[in-house]
Structure formats: C-alpha cells, structure tokens
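final_39.cif follows (mmCIF, C-alpha atoms):
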data_protein
loop_
_atom_site.group_PDB
_atom_site.id
_atom_site.type_symbol
_atom_site.label_atom_id
_atom_site.label_comp_id
_atom_site.auth_asym_id
_atom_site.auth_seq_id
_atom_site.Cartn_x
_atom_site.Cartn_y
_atom_site.Cartn_z
ATOM 1 C CA MET Z 1 13.423 74.593 -12.914
ATOM 2 C CA ASN Z 2 13.211 74.989 -16.715
ATOM 3 C CA HIS Z 3 15.334 78.125 -16.455
ATOM 4 C CA LEU Z 4 18.049 76.099 -14.706
ATOM 5 C CA ILE Z 5 18.031 73.185 -17.190
ATOM 6 C CA ARG Z 6 18.190 75.340 -20.318
ATOM 7 C CA PRO Z 7 21.680 76.845 -19.651
ATOM 8 C CA ALA Z 8 23.048 73.362 -18.908
ATOM 9 C CA ILE Z 9 21.724 72.058 -22.209
ATOM 10 C CA ILE Z 10 23.187 75.024 -24.061
ATOM 11 C CA ALA Z 11 26.568 74.489 -22.392
ATOM 12 C CA SER Z 12 26.600 70.799 -23.305
ATOM 13 C CA THR Z 13 25.670 71.585 -26.873
ATOM 14 C CA LEU Z 14 28.459 74.152 -27.145
ATOM 15 C CA ALA Z 15 30.965 71.620 -25.744
ATOM 16 C CA LEU Z 16 29.936 69.047 -28.327
ATOM 17 C CA LEU Z 17 30.191 71.598 -31.096
ATOM 18 C CA LEU Z 18 33.658 72.654 -29.938
ATOM 19 C CA SER Z 19 34.752 69.007 -29.729
ATOM 20 C CA ALA Z 20 33.442 68.340 -33.221
ATOM 21 C CA ALA Z 21 35.202 71.403 -34.502
ATOM 22 C CA THR Z 22 38.439 70.236 -32.917
ATOM 23 C CA VAL Z 23 38.127 66.820 -34.545
ATOM 24 C CA SER Z 24 37.231 68.304 -37.901
ATOM 25 C CA ALA Z 25 40.239 70.556 -37.638
ATOM 26 C CA ALA Z 26 42.572 67.561 -37.087
ATOM 27 C CA MET Z 27 45.541 67.263 -39.440
ATOM 28 C CA TYR Z 28 47.660 64.345 -40.563
ATOM 29 C CA ARG Z 29 51.430 64.114 -40.412
ATOM 30 C CA TYR Z 30 53.063 61.468 -42.568
ATOM 31 C CA LYS Z 31 56.063 60.830 -44.779
ATOM 32 C CA ASP Z 32 55.740 60.828 -48.541
ATOM 33 C CA GLU Z 33 57.423 58.349 -50.887
ATOM 34 C CA ASN Z 34 60.643 60.383 -50.628
ATOM 35 C CA GLY Z 35 60.687 60.268 -46.841
ATOM 36 C CA GLN Z 36 59.729 63.924 -46.469
ATOM 37 C CA VAL Z 37 57.393 64.864 -43.614
ATOM 38 C CA VAL Z 38 54.056 66.188 -44.815
ATOM 39 C CA ILE Z 39 51.293 67.796 -42.773
ATOM 40 C CA SER Z 40 47.911 67.948 -44.450
ATOM 41 C CA ASN Z 41 44.203 67.708 -43.748
ATOM 42 C CA THR Z 42 44.061 64.646 -46.035
ATOM 43 C CA ILE Z 43 46.286 61.608 -46.402
ATOM 44 C CA PRO Z 44 46.886 59.525 -49.515
ATOM 45 C CA GLN Z 45 46.097 55.832 -49.268
ATOM 46 C CA GLU Z 46 49.684 54.793 -49.987
ATOM 47 C CA ALA Z 47 50.991 57.160 -47.332
ATOM 48 C CA SER Z 48 48.536 55.804 -44.788
ATOM 49 C CA LYS Z 49 50.094 52.376 -45.194
ATOM 50 C CA ARG Z 50 53.404 53.822 -43.991
ATOM 51 C CA GLY Z 51 51.816 55.030 -40.761
ATOM 52 C CA TYR Z 52 50.939 58.534 -39.664
ATOM 53 C CA ASP Z 53 50.126 60.859 -36.772
ATOM 54 C CA ILE Z 54 46.812 62.570 -36.170
ATOM 55 C CA LEU Z 55 47.341 66.161 -35.002
ATOM 56 C CA SER Z 56 45.006 68.555 -33.242
ATOM 57 C CA SER Z 57 44.468 72.029 -34.536
ATOM 58 C CA ASP Z 58 47.277 73.282 -32.303
ATOM 59 C CA GLY Z 59 49.737 70.666 -33.573
ATOM 60 C CA ARG Z 60 49.528 68.171 -30.692
ATOM 61 C CA VAL Z 61 49.622 64.447 -31.518
ATOM 62 C CA ILE Z 62 46.169 63.031 -30.804
ATOM 63 C CA ASP Z 63 46.867 59.514 -32.014
ATOM 64 C CA THR Z 64 49.426 57.505 -33.959
ATOM 65 C CA VAL Z 65 48.554 54.891 -36.549
ATOM 66 C CA ALA Z 66 51.251 52.261 -37.011
ATOM 67 C CA PRO Z 67 52.460 51.307 -40.493
ATOM 68 C CA ALA Z 68 50.706 48.416 -42.209
ATOM 69 C CA PRO Z 69 52.700 45.201 -41.743
ATOM 70 C CA THR Z 70 54.811 44.018 -44.657
ATOM 71 C CA GLU Z 71 54.358 40.611 -46.265
ATOM 72 C CA GLU Z 72 57.461 39.417 -44.412
ATOM 73 C CA GLU Z 73 56.051 40.640 -41.098
ATOM 74 C CA LEU Z 74 52.716 38.985 -41.783
ATOM 75 C CA ALA Z 75 54.484 35.741 -42.651
ATOM 76 C CA GLU Z 76 56.533 35.926 -39.445
ATOM 77 C CA ARG Z 77 53.418 36.613 -37.385
ATOM 78 C CA ALA Z 78 51.717 33.599 -38.945
ATOM 79 C CA ALA Z 79 54.797 31.474 -38.296
ATOM 80 C CA GLU Z 80 54.977 32.632 -34.687
ATOM 81 C CA LYS Z 81 51.296 31.838 -34.224
ATOM 82 C CA ARG Z 82 51.910 28.328 -35.545
ATOM 83 C CA ARG Z 83 54.882 27.938 -33.193
ATOM 84 C CA GLN Z 84 52.785 29.038 -30.221
ATOM 85 C CA GLU Z 85 50.000 26.648 -31.192
ATOM 86 C CA ALA Z 86 52.529 23.822 -31.562
ATOM 87 C CA ARG Z 87 53.977 24.616 -28.119
ATOM 88 C CA ALA Z 88 50.483 24.624 -26.627
ATOM 89 C CA ARG Z 89 49.710 21.265 -28.231
ATOM 90 C CA ARG Z 90 52.992 19.828 -26.979
ATOM 91 C CA MET Z 91 52.303 21.072 -23.445
ATOM 92 C CA GLU Z 92 48.857 19.464 -23.507
ATOM 93 C CA GLN Z 93 50.302 16.218 -24.845
ATOM 94 C CA ASP Z 94 52.971 16.249 -22.137
ATOM 95 C CA ARG Z 95 50.344 16.828 -19.475
ATOM 96 C CA LYS Z 96 48.291 13.871 -20.672
ATOM 97 C CA LEU Z 97 51.412 11.714 -20.964
ATOM 98 C CA LEU Z 98 52.369 12.452 -17.354
ATOM 99 C CA GLU Z 99 48.856 11.518 -16.295
ATOM 100 C CA ARG Z 100 49.496 8.022 -17.687
ATOM 101 C CA TYR Z 101 53.127 7.518 -16.657
ATOM 102 C CA SER Z 102 55.192 9.270 -14.014
ATOM 103 C CA ASN Z 103 58.520 8.014 -15.398
ATOM 104 C CA PRO Z 104 59.924 6.250 -18.489
ATOM 105 C CA ASP Z 105 60.103 2.818 -16.827
ATOM 106 C CA GLN Z 106 56.353 2.797 -16.276
ATOM 107 C CA ALA Z 107 55.851 3.356 -19.989
ATOM 108 C CA VAL Z 108 58.314 0.557 -20.861
ATOM 109 C CA ARG Z 109 56.454 -1.920 -18.648
ATOM 110 C CA ALA Z 110 53.121 -0.808 -20.127
ATOM 111 C CA MET Z 111 54.548 -1.411 -23.616
ATOM 112 C CA HIS Z 112 55.610 -4.925 -22.610
ATOM 113 C CA ARG Z 113 52.139 -5.721 -21.287
ATOM 114 C CA LYS Z 114 50.382 -4.411 -24.392
ATOM 115 C CA ILE Z 115 52.653 -6.257 -26.811
ATOM 116 C CA LEU Z 116 52.366 -9.519 -24.870
ATOM 117 C CA GLU Z 117 48.590 -9.128 -24.872
ATOM 118 C CA LEU Z 118 48.492 -8.661 -28.643
ATOM 119 C CA ARG Z 119 50.851 -11.573 -29.195
ATOM 120 C CA GLY Z 120 48.679 -13.760 -27.000
ATOM 121 C CA LEU Z 121 45.683 -12.955 -29.198
ATOM 122 C CA SER Z 122 47.709 -13.792 -32.304
ATOM 123 C CA GLN Z 123 48.723 -17.127 -30.795
ATOM 124 C CA LEU Z 124 45.074 -17.949 -30.097
ATOM 125 C CA LYS Z 125 44.192 -17.138 -33.683
ATOM 126 C CA GLN Z 126 47.088 -19.252 -34.897
ATOM 127 C CA GLY Z 127 45.683 -22.111 -32.827
ATOM 128 C CA ASN Z 128 42.311 -21.596 -34.491
ATOM 129 C CA ILE Z 129 44.002 -21.861 -37.863
ATOM 130 C CA SER Z 130 45.554 -25.182 -36.855
ATOM 131 C CA VAL Z 131 42.135 -26.547 -35.900
ATOM 132 C CA ILE Z 132 40.576 -25.378 -39.167
ATOM 133 C CA GLU Z 133 43.504 -26.757 -41.180
ATOM 134 C CA ASN Z 134 42.925 -30.194 -39.646
ATOM 135 C CA GLN Z 135 39.260 -29.973 -40.633
ATOM 136 C CA LEU Z 136 40.256 -28.867 -44.111
ATOM 137 C CA ASP Z 137 42.749 -31.702 -44.500
ATOM 138 C CA ALA Z 138 40.043 -34.179 -43.535
ATOM 139 C CA GLU Z 139 37.543 -32.770 -46.028
ATOM 140 C CA GLN Z 140 40.125 -32.615 -48.817
ATOM 141 C CA ALA Z 141 41.180 -36.202 -48.107
ATOM 142 C CA ARG Z 142 37.546 -37.312 -48.251
ATOM 143 C CA ALA Z 143 37.107 -35.484 -51.556
ATOM 144 C CA ALA Z 144 40.279 -37.090 -52.951
ATOM 145 C CA ASP Z 145 39.027 -40.551 -51.959
ATOM 146 C CA LEU Z 146 35.772 -39.914 -53.803
ATOM 147 C CA GLU Z 147 37.636 -38.754 -56.921
ATOM 148 C CA ARG Z 148 39.845 -41.866 -56.893
ATOM 149 C CA ALA Z 149 36.740 -43.985 -56.584
ATOM 150 C CA GLY Z 150 35.286 -42.223 -59.616
ATOM 151 C CA ARG Z 151 32.488 -40.690 -57.621
ATOM 152 C CA ASP Z 152 31.283 -37.072 -57.683
ATOM 153 C CA ILE Z 153 32.217 -34.868 -54.758
ATOM 154 C CA PRO Z 154 29.031 -33.663 -53.043
ATOM 155 C CA GLU Z 155 28.371 -29.917 -53.344
ATOM 156 C CA ALA Z 156 28.103 -29.719 -49.544
ATOM 157 C CA THR Z 157 31.678 -31.017 -49.251
ATOM 158 C CA LEU Z 158 32.959 -28.502 -51.787
ATOM 159 C CA LYS Z 159 31.178 -25.667 -49.995
ATOM 160 C CA LYS Z 160 32.657 -26.754 -46.682
ATOM 161 C CA ILE Z 161 36.143 -26.822 -48.192
ATOM 162 C CA ARG Z 162 35.688 -23.307 -49.619
ATOM 163 C CA ARG Z 163 34.326 -22.061 -46.310
ATOM 164 C CA LEU Z 164 37.234 -23.546 -44.339
ATOM 165 C CA GLU Z 165 39.728 -22.015 -46.789
ATOM 166 C CA ALA Z 166 38.006 -18.612 -46.457
ATOM 167 C CA ASP Z 167 38.060 -18.907 -42.653
ATOM 168 C CA ILE Z 168 41.810 -19.522 -42.722
ATOM 169 C CA ARG Z 169 42.423 -16.519 -45.003
ATOM 170 C CA GLU Z 170 40.291 -14.286 -42.776
ATOM 171 C CA ILE Z 171 42.146 -15.304 -39.605
ATOM 172 C CA GLU Z 172 45.506 -14.859 -41.357
ATOM 173 C CA GLN Z 173 44.467 -11.322 -42.282
ATOM 174 C CA GLU Z 174 43.546 -10.678 -38.654
ATOM 175 C CA ILE Z 175 46.944 -11.966 -37.528
ATOM 176 C CA ASN Z 176 48.710 -9.714 -40.065
ATOM 177 C CA ALA Z 177 46.650 -6.759 -38.842
ATOM 178 C CA GLN Z 178 47.674 -7.528 -35.257
ATOM 179 C CA ARG Z 179 51.327 -7.701 -36.279
ATOM 180 C CA ALA Z 180 50.980 -4.255 -37.844
ATOM 181 C CA GLU Z 181 49.253 -3.063 -34.671
ATOM 182 C CA ILE Z 182 52.131 -4.379 -32.559
ATOM 183 C CA GLU Z 183 54.620 -2.410 -34.653
ATOM 184 C CA ALA Z 184 52.461 0.724 -34.355
ATOM 185 C CA VAL Z 185 52.225 0.226 -30.581
ATOM 186 C CA LYS Z 186 56.001 -0.113 -30.379
ATOM 187 C CA ARG Z 187 56.562 3.095 -32.332
ATOM 188 C CA GLN Z 188 54.107 5.076 -30.210
ATOM 189 C CA PHE Z 189 55.509 3.773 -26.943
ATOM 190 C CA LEU Z 190 59.087 4.474 -28.022
ATOM 191 C CA GLU Z 191 58.098 8.074 -28.799
ATOM 192 C CA ASP Z 192 56.385 8.389 -25.416
ATOM 193 C CA ILE Z 193 59.373 6.859 -23.584
ATOM 194 C CA LYS Z 194 61.815 9.259 -25.248
ATOM 195 C CA ARG Z 195 59.570 12.210 -24.441
ATOM 196 C CA LEU Z 196 59.214 11.102 -20.820
ATOM 197 C CA GLU Z 197 62.995 10.993 -20.513
ATOM 198 C CA VAL Z 198 63.036 14.636 -21.580
ATOM 199 C CA ILE Z 199 60.185 16.054 -19.506
ATOM 200 C CA THR Z 200 60.968 14.045 -16.350
ATOM 201 C CA ASP Z 201 64.759 14.314 -16.714
ATOM 202 C CA GLN Z 202 64.930 10.584 -15.953
ATOM 203 C CA GLN Z 203 66.498 7.841 -18.041
ATOM 204 C CA ARG Z 204 64.774 4.490 -18.378
ATOM 205 C CA THR Z 205 66.372 1.546 -16.584
ATOM 206 C CA VAL Z 206 64.066 -1.214 -17.878
ATOM 207 C CA PRO Z 207 65.203 -2.770 -21.195
ATOM 208 C CA LEU Z 208 63.013 -2.055 -24.197
ATOM 209 C CA GLU Z 209 63.185 -5.696 -25.255
ATOM 210 C CA VAL Z 210 59.927 -7.508 -24.519
ATOM 211 C CA PRO Z 211 60.658 -10.361 -22.045
ATOM 212 C CA SER Z 212 59.391 -13.086 -24.397
ATOM 213 C CA ASP Z 213 61.803 -11.812 -27.063
ATOM 214 C CA LYS Z 214 64.807 -12.752 -24.958
ATOM 215 C CA PRO Z 215 66.555 -15.879 -26.261
ATOM 216 C CA SER Z 216 66.225 -18.853 -23.956
ATOM 217 C CA LYS Z 217 69.432 -20.066 -22.293
#
Whole structure given in structure tokens:
Amino acid sequence: MNHLIRPAIIASTLALLLSAATVSAAMYRYKDENGQVVISNTIPQEASKRGYDILSSDGRVIDTVAPAPTEEELAERAAEKRRQEARARRMEQDRKLLERYSNPDQAVRAMHRKILELRGLSQLKQGNISVIENQLDAEQARAADLERAGRDIPEATLKKIRRLEADIREIEQEINAQRAEIEAVKRQFLEDIKRLEVITDQQRTVPLEVPSDKPSK
C-alpha cells in the first residue's frame, strides 16, 4: 500500500511546485504615466493605482485589477450611498404612515381629534387659573385691609399669596407649552397628510380647519 501512496504524493507535490512556478512567473501589464503599455515582473505603486492585468508566463490574462477610484468617484459613491439610505428611510416611514392611516382624510380627522384634546386640556388649566386668581384676589384684599388698618400682614398670608402667584405662573407656562405642542402637532400632521396624498394618490376631502375654529353663524 505504501508503494501506491508514494507516487500519488510525489505527483501532488510536483503539481504544487508547477503551480507555484506558474504564479511566480506571472507578469504585470499596465500603462505608464505616458499611457504606454508596459509588461514587467514588477509594477510601480503609482501604476498600480491606474489598474493593471496579471499575466501568466505564456501571456494569458489571469486577473484584472481595476483602477483605484478617483476622489470624484469616491464622493459620488458616498453621495449615492446617502441617497439609497434616504430612500430606505423614506420607504420605512411611508410604511409606518400607511399603518396608521389608509388615506389623507383619516389623518385630517386624527389631527382634529388631537388638537381638540390638547385645547380641552388648556381650557381646564385656564379654569384652574381662574379659581386660583379668585383665591389670590381674596388674600390680597385681606392683606390690603390689614395694611389700611395699620396692622402687620401675617407671614402665612404673604406665603399663601406668593404660592398662589407661583401656581398661576406654573399653569400659564403649561398652557404656553401646550400651545407650542399644538403647533408642532399641526406641522407634523400637515406633513403626513401631504405625504399620504402622494403615496396613496388620493386628495383629502376633509377641510384642514379644526371644527371649533370655524366662526359661529
């Protein structure tokens, strides 16, 4: 059996040696800085950037190495990658948008509901301010009566007045924040409605005006 294995090993070794010899005998074909074709067993670094062919010992092309991309090509590739990423993001956004609304009118009605909800909260807060203002007026009137009578205003009364004034300022800030939120909601919904008109090829039929905005007859 050893006599049979040995020739096979020798043959394999010879094949590897021949293959290595072929590779080592490979040549390069490239163009120099003047555009002239050069065939050599070495290749300058600058020439390699322009691309080249790898030749076998008998002159056949074994492989071709493409030229290194220029700065303009690299910039265009980067720009194209950004465009593809933007398209992918837009497709994902459109998919999610269609999950929420099947047509522009649905989005308009949803906008109305959201804005009315936020306005309702603001009205409640405005009512709270009215209640606190009445309490504040009463405390300030009591303090004024004491001053007219030449008496000192108790520290507890002064603290209550300051607290009521702070409560009013805090609620007013909340109302202003809700007004800003309403405007942000409007902007986002208007963007979504316009996009839905594009991707569904349907035009809205429901007015954008929130029902409570309509002037009473």
- Item | Long-range neighbours of Arg162 of chain Z as JSON, numbers by chain, 10 Å cut-off, only C-alpha atoms, 6 positions minimum in chain | {"Z": [136, 156, 168]}
Applied to the shown file, which residues does the PyMOL selection byres ((chain Z and resi 189) around 12) return, written as a PDB file with C-alpha atoms, in the coordinates of the input?
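Final file, part.pdb:
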ATOM      1  CA  LEU Z  97      51.412  11.714 -20.964  1.00  0.00           C
ATOM      2  CA  ARG Z 100      49.496   8.022 -17.687  1.00  0.00           C
ATOM      3  CA  TYR Z 101      53.127   7.518 -16.657  1.00  0.00           C
ATOM      4  CA  PRO Z 104      59.924   6.250 -18.489  1.00  0.00           C
ATOM      5  CA  ASP Z 105      60.103   2.818 -16.827  1.00  0.00           C
ATOM      6  CA  GLN Z 106      56.353   2.797 -16.276  1.00  0.00           C
ATOM      7  CA  ALA Z 107      55.851   3.356 -19.989  1.00  0.00           C
ATOM      8  CA  VAL Z 108      58.314   0.557 -20.861  1.00  0.00           C
ATOM      9  CA  ARG Z 109      56.454  -1.920 -18.648  1.00  0.00           C
ATOM     10  CA  ALA Z 110      53.121  -0.808 -20.127  1.00  0.00           C
ATOM     11  CA  MET Z 111      54.548  -1.411 -23.616  1.00  0.00           C
ATOM     12  CA  HIS Z 112      55.610  -4.925 -22.610  1.00  0.00           C
ATOM     13  CA  ARG Z 113      52.139  -5.721 -21.287  1.00  0.00           C
ATOM     14  CA  LYS Z 114      50.382  -4.411 -24.392  1.00  0.00           C
ATOM     15  CA  ILE Z 115      52.653  -6.257 -26.811  1.00  0.00           C
ATOM     16  CA  ILE Z 182      52.131  -4.379 -32.559  1.00  0.00           C
ATOM     17  CA  GLU Z 183      54.620  -2.410 -34.653  1.00  0.00           C
ATOM     18  CA  ALA Z 184      52.461   0.724 -34.355  1.00  0.00           C
ATOM     19  CA  VAL Z 185      52.225   0.226 -30.581  1.00  0.00           C
ATOM     20  CA  LYS Z 186      56.001  -0.113 -30.379  1.00  0.00           C
ATOM     21  CA  ARG Z 187      56.562   3.095 -32.332  1.00  0.00           C
ATOM     22  CA  GLN Z 188      54.107   5.076 -30.210  1.00  0.00           C
ATOM     23  CA  LEU Z 190      59.087   4.474 -28.022  1.00  0.00           C
ATOM     24  CA  GLU Z 191      58.098   8.074 -28.799  1.00  0.00           C
ATOM     25  CA  ASP Z 192      56.385   8.389 -25.416  1.00  0.00           C
ATOM     26  CA  ILE Z 193      59.373   6.859 -23.584  1.00  0.00           C
ATOM     27  CA  LYS Z 194      61.815   9.259 -25.248  1.00  0.00           C
ATOM     28  CA  ARG Z 195      59.570  12.210 -24.441  1.00  0.00           C
ATOM     29  CA  LEU Z 196      59.214  11.102 -20.820  1.00  0.00           C
ATOM     30  CA  LEU Z 208      63.013  -2.055 -24.197  1.00  0.00           C
TER      31      LEU Z 208
END
Given the PyMOL selection byres ((chain Z and resi 179) around 12) and the file above, list the residues it selects as a tab-separated table (two decimals) with C-alpha atoms, keeping the file's coordinate frame.
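Listing of result-v2.tsv after writing:
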chain	number	residue	atom	x	y	z
Z	115	ILE	CA	52.65	-6.26	-26.81
Z	116	LEU	CA	52.37	-9.52	-24.87
Z	117	GLU	CA	48.59	-9.13	-24.87
Z	118	LEU	CA	48.49	-8.66	-28.64
Z	119	ARG	CA	50.85	-11.57	-29.20
Z	120	GLY	CA	48.68	-13.76	-27.00
Z	121	LEU	CA	45.68	-12.96	-29.20
Z	122	SER	CA	47.71	-13.79	-32.30
Z	123	GLN	CA	48.72	-17.13	-30.80
Z	172	GLU	CA	45.51	-14.86	-41.36
Z	173	GLN	CA	44.47	-11.32	-42.28
Z	174	GLU	CA	43.55	-10.68	-38.65
Z	175	ILE	CA	46.94	-11.97	-37.53
Z	176	ASN	CA	48.71	-9.71	-40.06
Z	177	ALA	CA	46.65	-6.76	-38.84
Z	178	GLN	CA	47.67	-7.53	-35.26
Z	180	ALA	CA	50.98	-4.26	-37.84
Z	181	GLU	CA	49.25	-3.06	-34.67
Z	182	ILE	CA	52.13	-4.38	-32.56
Z	183	GLU	CA	54.62	-2.41	-34.65
Z	184	ALA	CA	52.46	0.72	-34.35
Z	185	VAL	CA	52.22	0.23	-30.58
Z	186	LYS	CA	56.00	-0.11	-30.38
- Item | Near-segment 29-42 of chain Z list (7 Å; all atoms listed in the file; drop same-chain fewer than 6 positions) as an MDAnalysis selection string | chainID Z and resid 51:54
With 4 Å on each side, where is the centre of the axis-aligned box around all listed atoms of segment 115-123 of chain Z, and how long are its edges in Å to one decimal, as lines of an AutoDock Vina configuration file?
center_x = 49.2
center_y = -11.7
center_z = -28.6
size_x = 15.0
size_y = 18.9
size_z = 15.4
- To one decimal in Å, tell me the separation between atom CA of Ser102 of chain Z and atom CA of Arg82 of chain Z. 28.9 Å
- Message: Under the rule that only C-alpha atoms are counted, which of Z:Ile43, Z:Leu158, Z:Val206, Z:Ala26 is the nearest residue to Ala144 of chain Z?
- Response: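 Checking each candidate against Ala144 of chain Z, we get Z:Leu158 as the closest.
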- Name every residue that the PyMOL selection byres ((chain Z and resi 57-60) around 6) selects in this structure, writing the answer as number ranges by chain with chains first and numbers rising. Z: 25-26, 55-56, 61
- Query: Got a sec: who's within 10 Å of Asp167 of chain Z, counting all atoms listed in the file, leaving out chain neighbours fewer than 3 positions off, as a VMD selection string?
  - Reply: chain Z and resid 128 to 129 132 to 133 161 to 164 170 to 173
Would you save the residues from that selection as a compact mmCIF listing (two decimals), in the frame of the given file, using C-alpha atoms?
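What landed in selection.txt:
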# COMPACT_ATOMS: atom_id res chain seq x y z
CA ASN Z 128 42.31 -21.60 -34.49
CA ILE Z 129 44.00 -21.86 -37.86
CA ILE Z 132 40.58 -25.38 -39.17
CA GLU Z 133 43.50 -26.76 -41.18
CA ILE Z 161 36.14 -26.82 -48.19
CA ARG Z 162 35.69 -23.31 -49.62
CA ARG Z 163 34.33 -22.06 -46.31
CA LEU Z 164 37.23 -23.55 -44.34
CA GLU Z 170 40.29 -14.29 -42.78
CA ILE Z 171 42.15 -15.30 -39.60
CA GLU Z 172 45.51 -14.86 -41.36
CA GLN Z 173 44.47 -11.32 -42.28
- Task: Using all atoms listed in the file, find all polymer residues with an atom at most 10 Å away from the point (35.2, -32.4, -53.5); report them as a PyMOL selection string.
- Result: chain Z and resi 139-147+151-162
Take the residues that were just selected and, keeping C-alpha atoms, output them as a compact mmCIF listing (two decimals), in the coordinates of the input.
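Ended up saving to part.txt:
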# COMPACT_ATOMS: atom_id res chain seq x y z
CA GLU Z 139 37.54 -32.77 -46.03
CA GLN Z 140 40.12 -32.62 -48.82
CA ALA Z 141 41.18 -36.20 -48.11
CA ARG Z 142 37.55 -37.31 -48.25
CA ALA Z 143 37.11 -35.48 -51.56
CA ALA Z 144 40.28 -37.09 -52.95
CA ASP Z 145 39.03 -40.55 -51.96
CA LEU Z 146 35.77 -39.91 -53.80
CA GLU Z 147 37.64 -38.75 -56.92
CA ARG Z 151 32.49 -40.69 -57.62
CA ASP Z 152 31.28 -37.07 -57.68
CA ILE Z 153 32.22 -34.87 -54.76
CA PRO Z 154 29.03 -33.66 -53.04
CA GLU Z 155 28.37 -29.92 -53.34
CA ALA Z 156 28.10 -29.72 -49.54
CA THR Z 157 31.68 -31.02 -49.25
CA LEU Z 158 32.96 -28.50 -51.79
CA LYS Z 159 31.18 -25.67 -50.00
CA LYS Z 160 32.66 -26.75 -46.68
CA ILE Z 161 36.14 -26.82 -48.19
CA ARG Z 162 35.69 -23.31 -49.62
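Proximity to Gln135 of chain Z was assessed for Z:Glu165, Z:Ala47, Z:Val198, Z:Met27 counting only C-alpha atoms; the smallest distance is recorded for Z:Glu165.
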- Query: What is the atom CA of Asn103 of chain Z-atom CA of Glu85 of chain Z distance in Å, reported with one decimal?
  - Reply: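 We find that atom CA of Asn103 of chain Z and atom CA of Glu85 of chain Z lie 25.9 Å from each other.
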